[in-house]
Amino acid sequence: MIPVSAHFNAHYTICNENTMDVFHGYLHRNLQGWFDPVLLKLEEAEASVRADYRVSYRGAIARFLGLNDTSKVITRTISVNYQYPNYINSLQDLSYLYLMRSPISQHESRSFSLLFVNVRLPKWLIALLQPVLERVIRNRLFMRFLAQDIAMIESEYENYLRDRSRRYVEVNPAIIALQRVMIRQYNFSLDCSTGES
């Protein structure tokens, strides 16, 4: 288990959209992130969204995490589940990310996550190396991806603040489903605050 926290100078809805969107793997290409994502399945309920994507991996990070043993491309399914304020992301049985996000203000968000990674090493070696492995995975792997996400999210939010009337086209159906859920949550909170529930 690897705890990770983050602060974003952005509205929490934009942060949530980023977490649901697996199509931005190009942003992480220099970190040997995933590529060629395909949305396989989308489920939307009153207060939740689940999206399953097929993604491809290759390279040293993929080998370290046990995604493949060769330099060949390997595909896996990543599931992204949202139920405010939490996400559970899973990469089959290889990793799980439990993410709790909350708005601090209109322009700030905070998240706290627990990352579980199934590293393919003997258990006795993992027990011996656990503090070192946690630091390496958090600092050399996860935080590098997160830093890119934070920069992108904050840049997107700054652009939104410069021109709030700007229209854009969202192409990922999972983001559109997430936006509907967040609008329902917002309307529900308004109804509760005015006593109209």
# chains A, B, ... in the order shown; residues from 1 in each chain; ligands from 1
$ residues_around --residues "Arg184 of chain A" --least-positions-apart "3" --cutoff "8 Å" --atoms "only C-alpha atoms" --output "MDAnalysis selection string"
chainID A and resid 46:47 180:181 187:188
$ write_last_selection --atoms "N, CA and C atoms" --output "PDB file, in the first residue's frame"
ATOM      1  N   GLU A  46     -27.454   6.484 -11.349  1.00  0.00           N
ATOM      2  CA  GLU A  46     -27.849   7.798 -10.827  1.00  0.00           C
ATOM      3  C   GLU A  46     -26.672   8.558 -10.215  1.00  0.00           C
ATOM      4  N   ALA A  47     -25.808   7.851  -9.475  1.00  0.00           N
ATOM      5  CA  ALA A  47     -24.719   8.518  -8.752  1.00  0.00           C
ATOM      6  C   ALA A  47     -23.357   7.897  -9.024  1.00  0.00           C
ATOM      7  N   ARG A 180     -22.845  14.207 -16.537  1.00  0.00           N
ATOM      8  CA  ARG A 180     -24.269  14.076 -16.183  1.00  0.00           C
ATOM      9  C   ARG A 180     -24.426  13.730 -14.697  1.00  0.00           C
ATOM     10  N   VAL A 181     -23.606  12.802 -14.204  1.00  0.00           N
ATOM     11  CA  VAL A 181     -23.682  12.414 -12.791  1.00  0.00           C
ATOM     12  C   VAL A 181     -23.350  13.611 -11.898  1.00  0.00           C
ATOM     13  N   ASN A 187     -27.427  19.378  -8.632  1.00  0.00           N
ATOM     14  CA  ASN A 187     -28.849  19.712  -8.519  1.00  0.00           C
ATOM     15  C   ASN A 187     -29.454  19.122  -7.247  1.00  0.00           C
ATOM     16  N   PHE A 188     -29.039  17.909  -6.891  1.00  0.00           N
ATOM     17  CA  PHE A 188     -29.531  17.285  -5.664  1.00  0.00           C
ATOM     18  C   PHE A 188     -29.099  18.094  -4.446  1.00  0.00           C
TER      19      PHE A 188
END
$ residues_around --residues "Phe112 of chain A" --least-positions-apart "5" --cutoff "6 Å" --atoms "only C-alpha atoms" --output "compact mmCIF listing (two decimals) with N, CA, C and O atoms, in the first residue's frame"
# COMPACT_ATOMS: atom_id res chain seq x y z
N VAL A 4 -0.69 8.41 -1.30
CA VAL A 4 -0.29 9.54 -2.13
C VAL A 4 -1.33 10.64 -1.96
O VAL A 4 -2.54 10.37 -2.05
N SER A 5 -0.89 11.86 -1.74
CA SER A 5 -1.84 12.98 -1.67
C SER A 5 -1.43 14.02 -2.71
O SER A 5 -0.28 14.07 -3.14
N LEU A 99 -9.08 6.32 -4.64
CA LEU A 99 -8.87 7.76 -4.68
C LEU A 99 -10.06 8.48 -4.06
O LEU A 99 -11.20 8.25 -4.47
N MET A 100 -9.78 9.31 -3.08
CA MET A 100 -10.78 10.17 -2.46
C MET A 100 -10.45 11.61 -2.83
O MET A 100 -9.33 12.06 -2.61
$ residues_around --residues "His24 of chain A" --least-positions-apart "2" --cutoff "12 Å" --atoms "only C-alpha atoms" --output "list of chain:residue names"
A:Glu17, A:Asn18, A:Thr19, A:Met20, A:Asp21, A:Val22, A:Tyr26, A:Leu27, A:His28, A:Arg29, A:Gly33, A:Trp34, A:Phe35, A:Asp36, A:Pro37, A:Val38, A:Val55, A:Phe145, A:Gln148, A:Asp149, A:Met152, A:Ile153, A:Val171, A:Asn172
$ write_last_selection --atoms "N, CA, C and O atoms" --output "short mmCIF file (atom, residue, chain, number, x, y, z; two decimals), in the first residue's frame"
data_model
loop_
_atom_site.label_atom_id
_atom_site.label_comp_id
_atom_site.auth_asym_id
_atom_site.auth_seq_id
_atom_site.Cartn_x
_atom_site.Cartn_y
_atom_site.Cartn_z
N GLU A 17 -12.82 14.66 -14.16
CA GLU A 17 -12.83 14.31 -15.58
C GLU A 17 -11.49 13.69 -15.98
O GLU A 17 -11.45 12.71 -16.72
N ASN A 18 -10.41 14.24 -15.48
CA ASN A 18 -9.09 13.69 -15.79
C ASN A 18 -8.95 12.26 -15.32
O ASN A 18 -8.40 11.40 -16.01
N THR A 19 -9.45 11.96 -14.12
CA THR A 19 -9.34 10.61 -13.57
C THR A 19 -10.16 9.62 -14.39
O THR A 19 -9.75 8.47 -14.56
N MET A 20 -11.30 10.04 -14.91
CA MET A 20 -12.16 9.16 -15.69
C MET A 20 -11.62 8.94 -17.10
O MET A 20 -11.94 7.96 -17.75
N ASP A 21 -10.78 9.85 -17.57
CA ASP A 21 -10.36 9.84 -18.97
C ASP A 21 -9.04 9.09 -19.16
O ASP A 21 -7.98 9.57 -18.78
N VAL A 22 -9.10 7.93 -19.76
CA VAL A 22 -7.90 7.15 -20.04
C VAL A 22 -7.34 7.48 -21.43
O VAL A 22 -6.28 7.03 -21.81
N TYR A 26 -1.28 9.85 -24.18
CA TYR A 26 -0.24 10.54 -24.95
C TYR A 26 0.54 11.51 -24.06
O TYR A 26 1.75 11.68 -24.23
N LEU A 27 -0.15 12.12 -23.10
CA LEU A 27 0.51 13.03 -22.17
C LEU A 27 1.66 12.36 -21.45
O LEU A 27 2.69 12.97 -21.18
N HIS A 28 1.52 11.07 -21.16
CA HIS A 28 2.50 10.33 -20.37
C HIS A 28 3.45 9.49 -21.23
O HIS A 28 4.12 8.60 -20.71
N ARG A 29 3.53 9.77 -22.52
CA ARG A 29 4.30 8.91 -23.43
C ARG A 29 5.78 8.83 -23.04
O ARG A 29 6.39 7.79 -23.19
N GLY A 33 3.91 5.32 -20.46
CA GLY A 33 2.55 5.07 -20.01
C GLY A 33 1.80 4.23 -21.03
O GLY A 33 2.38 3.70 -21.98
N TRP A 34 0.53 4.11 -20.83
CA TRP A 34 -0.30 3.32 -21.72
C TRP A 34 -0.50 4.02 -23.06
O TRP A 34 -0.27 5.21 -23.19
N PHE A 35 -0.95 3.27 -24.05
CA PHE A 35 -1.26 3.84 -25.35
C PHE A 35 -2.36 3.03 -26.01
O PHE A 35 -2.74 1.96 -25.53
N ASP A 36 -2.92 3.55 -27.09
CA ASP A 36 -4.00 2.92 -27.85
C ASP A 36 -5.19 2.52 -26.98
O ASP A 36 -5.68 1.38 -27.04
N PRO A 37 -5.74 3.44 -26.18
CA PRO A 37 -6.89 3.08 -25.35
C PRO A 37 -8.16 2.90 -26.19
O PRO A 37 -8.35 3.58 -27.20
N VAL A 38 -8.98 1.96 -25.75
CA VAL A 38 -10.28 1.71 -26.39
C VAL A 38 -11.31 1.57 -25.28
O VAL A 38 -11.11 0.77 -24.35
N VAL A 55 -6.14 -1.01 -22.75
CA VAL A 55 -4.95 -0.18 -22.96
C VAL A 55 -3.76 -1.08 -23.26
O VAL A 55 -3.74 -2.25 -22.89
N PHE A 145 3.76 10.64 -13.11
CA PHE A 145 2.49 10.69 -13.85
C PHE A 145 1.58 11.76 -13.26
O PHE A 145 0.97 12.55 -13.99
N GLN A 148 2.42 15.38 -14.20
CA GLN A 148 1.94 15.72 -15.54
C GLN A 148 0.44 15.98 -15.53
O GLN A 148 -0.05 16.91 -16.18
N ASP A 149 -0.31 15.14 -14.81
CA ASP A 149 -1.75 15.34 -14.71
C ASP A 149 -2.09 16.68 -14.05
O ASP A 149 -2.97 17.40 -14.52
N MET A 152 -1.50 19.54 -16.45
CA MET A 152 -2.53 19.57 -17.49
C MET A 152 -3.85 20.09 -16.93
O MET A 152 -4.51 20.94 -17.53
N ILE A 153 -4.26 19.58 -15.77
CA ILE A 153 -5.53 19.98 -15.16
C ILE A 153 -5.52 21.47 -14.83
O ILE A 153 -6.48 22.19 -15.13
N VAL A 171 -15.30 14.21 -26.55
CA VAL A 171 -15.50 13.03 -27.40
C VAL A 171 -15.54 11.73 -26.62
O VAL A 171 -15.96 10.70 -27.15
N ASN A 172 -15.12 11.74 -25.36
CA ASN A 172 -15.11 10.51 -24.58
C ASN A 172 -16.48 10.33 -23.91
O ASN A 172 -16.86 11.12 -23.04
#
$ residues_around --residues "Pro103 of chain A" --least-positions-apart "5" --cutoff "8 Å" --atoms "only C-alpha atoms" --output "list of chain:residue names"
A:His11, A:Tyr12, A:Glu108, A:Ser109, A:Arg110
$ write_last_selection --atoms "N, CA, C and O atoms" --output "PDB file, in the first residue's frame"
ATOM      1  N   HIS A  11     -10.955  23.388 -10.120  1.00  0.00           N
ATOM      2  CA  HIS A  11     -12.234  22.899  -9.621  1.00  0.00           C
ATOM      3  C   HIS A  11     -12.244  21.375  -9.651  1.00  0.00           C
ATOM      4  O   HIS A  11     -11.705  20.755 -10.562  1.00  0.00           O
ATOM      5  N   TYR A  12     -12.866  20.763  -8.664  1.00  0.00           N
ATOM      6  CA  TYR A  12     -12.791  19.306  -8.538  1.00  0.00           C
ATOM      7  C   TYR A  12     -13.420  18.576  -9.726  1.00  0.00           C
ATOM      8  O   TYR A  12     -13.041  17.454 -10.037  1.00  0.00           O
ATOM      9  N   GLU A 108      -9.912  25.125  -5.886  1.00  0.00           N
ATOM     10  CA  GLU A 108      -8.913  24.199  -5.347  1.00  0.00           C
ATOM     11  C   GLU A 108      -9.555  22.850  -5.026  1.00  0.00           C
ATOM     12  O   GLU A 108     -10.704  22.792  -4.595  1.00  0.00           O
ATOM     13  N   SER A 109      -8.767  21.812  -5.211  1.00  0.00           N
ATOM     14  CA  SER A 109      -9.196  20.455  -4.873  1.00  0.00           C
ATOM     15  C   SER A 109      -8.036  19.726  -4.222  1.00  0.00           C
ATOM     16  O   SER A 109      -6.875  20.061  -4.421  1.00  0.00           O
ATOM     17  N   ARG A 110      -8.397  18.708  -3.478  1.00  0.00           N
ATOM     18  CA  ARG A 110      -7.391  17.879  -2.828  1.00  0.00           C
ATOM     19  C   ARG A 110      -7.776  16.427  -3.066  1.00  0.00           C
ATOM     20  O   ARG A 110      -8.941  16.081  -3.149  1.00  0.00           O
TER      21      ARG A 110
END
$ closest_atom_pairs --of "segment 3-31 of chain A" --to "segment 159-164 of chain A" --cutoff "12 Å" --atoms "only C-alpha atoms" --output "CSV"
residue,atom,partner,partner_atom,distance
A:Asn9,CA,A:Leu161,CA,11.7
A:Ala10,CA,A:Leu161,CA,9.8
A:His11,CA,A:Tyr160,CA,10.4
A:Ile14,CA,A:Tyr160,CA,10.1
$ write_last_selection --atoms "C-alpha atoms" --output "compact mmCIF listing (two decimals), in the first residue's frame"
# COMPACT_ATOMS: atom_id res chain seq x y z
CA ASN A 9 -5.45 24.61 -8.28
CA ALA A 10 -8.57 23.63 -10.17
CA HIS A 11 -12.23 22.90 -9.62
CA ILE A 14 -12.04 19.03 -13.92
$ select_by_dssp --residues "segment 27-185 of chain A" --states "strand (DSSP E)" --output "PyMOL selection string"
chain A and resi 35-44+48-57+74-83+86-91+95-105+108-117
$ select_by_dssp --residues "segment 48-180 of chain A" --states "helix (DSSP H, G or I)" --output "VMD selection string"
chain A and resid 60 to 64 123 to 162 173 to 180
